[in-house]
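Peer 1: First, the structure itself, so that you have it in front of you.
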Amino acid sequence: MFALAFDEYGDPSVLHLTELPEPHAGPGEVRIAVRTAGVNPIDWKIRAGYMKDFTPVDFPAIPGLDAAGVVDEVGEGVEGVGVGDEVFGSGSGASAQYAVLDHFAAKPASMSWAQAAALPVPAETAQRTLGLLGSPAAGQTLLIEGAAGGVGSTAAQFALADGVTVIGTASPANHDHLRSLGVIPTTYGPGLVERVAELAPGGVDVVLDTAGKGSIQDLIAVAGDPAKVVTIADFSAGQYGVRVTGAGSDPQRFEALPKAARLFEDGKLAIAVDSEFPLAETAKAHERSEGGHLTGKIVLTVAQD
């Protein structure tokens, strides 16, 4: 099969198209003919070698966790999904002709392939982090540091669907996008505590940091307690008593994709696609992801015969 791969850690130039053996679906898994693949920040961090002590890879390595496509193999024990079904989900080696998914859901007919590939990791991360924050409910206020990206915007909409008031930080260019989702926008940086206090005179109940911009002490001040702050991006936050969370086996992740599909069909989840690149131009996609300030997710399009 054709696949995107890298044979050593390095900058985006180490990525190249090649031919590799096809993967096959194991128990509880499906294999898909990939139509689109999502680009998450973890993809370029692994490629660059930043995660080699935590997430080592065997070379040649195929990047990518998120994909959407058509099922062509069904593993033992899988029910409710058959060959020919359109699905989206997460697994490994997504940037290839075929990918195996261990977590998947049916793609709504009205959801584009690009939107489908943009959704899995953000939805799973949103579900997990909101759970760690006690699943904020109607009447509560949530602050999201980095609300315009894939995880931030998905977490915001999950919370809004439950009646939560959401304040989100983003660069000024993304404020109109946040308003369109129902999020109250503000900017990053010095003065954040005061700006949020003006927007939420009754206080903020919980805080989610998706940006890792070194603002943890300000976010603790906003929440009033480090136990009310969770980050997925600032790995130094533990020294301040803030929970740092990454991908794991939390059972709530398996609820995320069906929930996201339902919200999308009900018109309560908008999926922003920042940009699309053909698989052969993945290096450009990684460069854009590393630059930050995205509106939604970057997606790769994978040509199929």
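Letters A, B, ... go to the chains of the structure tokens in the order shown; residues in each chain start at 1; ligands are counted from 1 in the same order.
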Please report as a Markdown table every residue of range 82-166 of chain A lying within 8 Å of range 29-49 of chain A, along with the nearest atom pair and their distance in Å (one decimal), using only C-alpha atoms.
Peer 2:
```
| residue | atom | partner | partner_atom | distance |
| --- | --- | --- | --- | --- |
| A:Ala94 | CA | A:Ala37 | CA | 5.9 |
| A:Ser95 | CA | A:Ala37 | CA | 5.9 |
| A:Ala96 | CA | A:Val34 | CA | 6.9 |
| A:Gln97 | CA | A:Val34 | CA | 5.6 |
| A:Tyr98 | CA | A:Ala33 | CA | 4.7 |
| A:Ala99 | CA | A:Ile32 | CA | 5.6 |
| A:Val100 | CA | A:Arg31 | CA | 4.3 |
| A:Leu101 | CA | A:Val30 | CA | 5.5 |
| A:Asp102 | CA | A:Glu29 | CA | 4.7 |
| A:His103 | CA | A:Glu29 | CA | 7.5 |
| A:Trp113 | CA | A:Thr36 | CA | 6.1 |
| A:Ala114 | CA | A:Thr36 | CA | 6.1 |
| A:Ala116 | CA | A:Thr36 | CA | 8.0 |
| A:Ala117 | CA | A:Gly38 | CA | 4.9 |
| A:Ala118 | CA | A:Gly38 | CA | 5.1 |
| A:Leu119 | CA | A:Gly38 | CA | 7.9 |
| A:Val121 | CA | A:Asn40 | CA | 7.8 |
```
Peer 1: Residues of the last selection are to be written out with C-alpha atoms, as a tab-separated table (two decimals), in the first residue's frame.
Peer 2:
```
chain	number	residue	atom	x	y	z
A	94	ALA	CA	-3.71	6.88	9.61
A	95	SER	CA	-1.72	8.63	6.88
A	96	ALA	CA	-1.86	5.74	4.45
A	97	GLN	CA	-3.98	3.91	1.90
A	98	TYR	CA	-5.32	1.61	4.63
A	99	ALA	CA	-5.53	2.13	8.40
A	100	VAL	CA	-6.77	0.04	11.32
A	101	LEU	CA	-9.13	1.73	13.79
A	102	ASP	CA	-9.77	0.46	17.31
A	103	HIS	CA	-12.33	3.16	18.12
A	113	TRP	CA	-14.93	13.35	4.83
A	114	ALA	CA	-12.80	16.28	5.96
A	116	ALA	CA	-15.03	13.29	9.87
A	117	ALA	CA	-11.23	13.09	9.97
A	118	ALA	CA	-11.04	16.30	11.99
A	119	LEU	CA	-13.17	14.93	14.81
A	121	VAL	CA	-9.04	12.88	18.87
```
Peer 1: Considering only C-alpha atoms, return as a PyMOL selection string whatever protein or nucleic-acid residues lie within 8 Å of Gln140 in chain A, sequence-local ones (same chain, fewer than 4 positions apart) excluded.
Peer 2: chain A and resi 136+164-165+204-205
Peer 1: Please, could you write that set of residues out with C-alpha atoms as a CSV table (one decimal), in the first residue's frame?
Peer 2:
```
chain,number,residue,atom,x,y,z
A,136,PRO,CA,-19.6,20.8,34.2
A,164,VAL,CA,-22.6,25.5,30.4
A,165,THR,CA,-21.4,29.1,29.9
A,204,VAL,CA,-15.3,30.6,36.8
A,205,ASP,CA,-16.0,27.1,38.0
```
Peer 1: For Leu65 in chain A, please output as JSON, numbers by chain all residues within 7 Å (counting only C-alpha atoms; exclusion window: fewer than 4 positions along the same chain).
Peer 2: {"A": [90, 91, 92, 93, 94]}
Peer 1: Please produce an output containing N, CA, C and O atoms for each residue in the selection, written as an mmCIF file, in the first residue's frame.
Peer 2:
```
data_model
loop_
_atom_site.group_PDB
_atom_site.id
_atom_site.type_symbol
_atom_site.label_atom_id
_atom_site.label_comp_id
_atom_site.auth_asym_id
_atom_site.auth_seq_id
_atom_site.Cartn_x
_atom_site.Cartn_y
_atom_site.Cartn_z
ATOM 1 N N SER A 90 -10.307 6.525 15.438
ATOM 2 C CA SER A 90 -8.889 6.678 15.745
ATOM 3 C C SER A 90 -8.227 5.316 15.857
ATOM 4 O O SER A 90 -8.860 4.314 16.163
ATOM 5 N N GLY A 91 -6.948 5.311 15.578
ATOM 6 C CA GLY A 91 -6.156 4.095 15.651
ATOM 7 C C GLY A 91 -4.692 4.456 15.545
ATOM 8 O O GLY A 91 -4.165 5.208 16.359
ATOM 9 N N SER A 92 -4.030 3.962 14.500
ATOM 10 C CA SER A 92 -2.625 4.308 14.289
ATOM 11 C C SER A 92 -2.325 4.211 12.803
ATOM 12 O O SER A 92 -3.050 3.567 12.045
ATOM 13 N N GLY A 93 -1.240 4.884 12.391
ATOM 14 C CA GLY A 93 -0.848 4.821 10.990
ATOM 15 C C GLY A 93 -1.912 5.308 10.040
ATOM 16 O O GLY A 93 -2.132 4.715 8.974
ATOM 17 N N ALA A 94 -2.562 6.423 10.389
ATOM 18 C CA ALA A 94 -3.714 6.884 9.610
ATOM 19 C C ALA A 94 -3.352 7.488 8.264
ATOM 20 O O ALA A 94 -4.194 7.550 7.367
#
```
Peer 1: Can you pull out the residues contacting range 16-26 of chain A? Cut-off 7 Å, using only C-alpha atoms, and skip same-chain residues under 5 positions away; I want them as a PyMOL selection string.
Peer 2: chain A and resi 1-6+31+73-76+98-100+280
Peer 1: Deliver the residues from the most recent selection as a file, using N, CA and C atoms, as a tab-separated table (two decimals), in the first residue's frame.
Peer 2:
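Generated file (result_22.tsv):
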```tsv
chain	number	residue	atom	x	y	z
A	1	MET	N	0.86	-1.19	0.00
A	1	MET	CA	0.00	0.00	0.00
A	1	MET	C	0.89	1.24	0.00
A	2	PHE	N	0.36	2.37	-0.50
A	2	PHE	CA	1.11	3.61	-0.39
A	2	PHE	C	0.87	4.20	1.00
A	3	ALA	N	1.88	4.86	1.53
A	3	ALA	CA	1.79	5.41	2.87
A	3	ALA	C	2.78	6.56	3.02
A	4	LEU	N	2.46	7.45	3.94
A	4	LEU	CA	3.39	8.48	4.35
A	4	LEU	C	4.20	7.92	5.52
A	5	ALA	N	5.49	8.15	5.55
A	5	ALA	CA	6.30	7.57	6.61
A	5	ALA	C	7.51	8.46	6.90
A	6	PHE	N	8.17	8.16	8.03
A	6	PHE	CA	9.47	8.77	8.33
A	6	PHE	C	10.37	7.68	8.91
A	31	ARG	N	-10.57	-2.33	9.51
A	31	ARG	CA	-9.64	-1.67	8.60
A	31	ARG	C	-10.44	-0.85	7.62
A	73	GLU	N	-12.31	-4.39	6.04
A	73	GLU	CA	-12.06	-5.58	6.84
A	73	GLU	C	-12.67	-5.38	8.23
A	74	VAL	N	-13.29	-6.41	8.75
A	74	VAL	CA	-13.91	-6.34	10.07
A	74	VAL	C	-13.28	-7.41	10.96
A	75	GLY	N	-12.75	-7.01	12.10
A	75	GLY	CA	-12.11	-7.94	13.00
A	75	GLY	C	-13.11	-8.74	13.83
A	76	GLU	N	-12.61	-9.79	14.45
A	76	GLU	CA	-13.43	-10.66	15.28
A	76	GLU	C	-14.07	-9.87	16.43
A	98	TYR	N	-4.47	2.36	3.71
A	98	TYR	CA	-5.32	1.61	4.63
A	98	TYR	C	-4.88	1.89	6.06
A	99	ALA	N	-5.84	1.92	6.99
A	99	ALA	CA	-5.53	2.13	8.40
A	99	ALA	C	-6.47	1.28	9.24
A	100	VAL	N	-5.98	0.83	10.38
A	100	VAL	CA	-6.77	0.04	11.32
A	100	VAL	C	-7.24	0.95	12.45
A	280	ALA	N	0.71	13.90	-0.20
A	280	ALA	CA	2.08	14.18	-0.63
A	280	ALA	C	2.62	15.49	-0.06
```
Peer 1: List every residue of range 8-231 of chain A that DSSP, applied to the backbone of this structure, assigns to strand (DSSP E), and report them as number ranges by chain.
Peer 2: A: 16-19, 30-39, 66-74, 86-92, 98-106, 141-145, 165-169, 184-186, 206-209, 229-231
Peer 1: Suppose you want the space between CA of Lys284 in chain A and CA of Pro60 in chain A; what is it in Å?
Peer 2: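 Between CA of Lys284 in chain A and CA of Pro60 in chain A the gap is 19.8 Å.
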Peer 1: Can you work out which one of A:Asp176, A:Glu290, A:Glu79, A:Asp66 has the shortest atom-to-atom distance to Asp11 in chain A, counting only C-alpha atoms?
Peer 2: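 Checking each of A:Asp176, A:Glu290, A:Glu79, A:Asp66 against Asp11 in chain A, counting only C-alpha atoms, the winner is A:Glu290.
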Peer 1: Using only C-alpha atoms, can you tell me which of A:Val193, A:His177, A:Ile298, A:Ile271 comes closest to Ala283 in chain A?
Peer 2: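 Using only C-alpha atoms, the shortest distance to Ala283 in chain A belongs to A:Ile298.
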Peer 1: Suppose you want the space between CA of Gly84 in chain A and CA of Val71 in chain A; what is it in Å?
Peer 2: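 Computing the Euclidean distance for CA of Gly84 in chain A and CA of Val71 in chain A yields 5.2 Å.
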Peer 1: List the neighbours of range 258-267 of chain A out to 12 Å using only C-alpha atoms; skip same-chain residues closer than 3 positions along the sequence, and give me the result as a ChimeraX atom specification.
Peer 2: /A:87-89,103-112,115-116,118-127,154-155,157-162,181,252-255,270-272
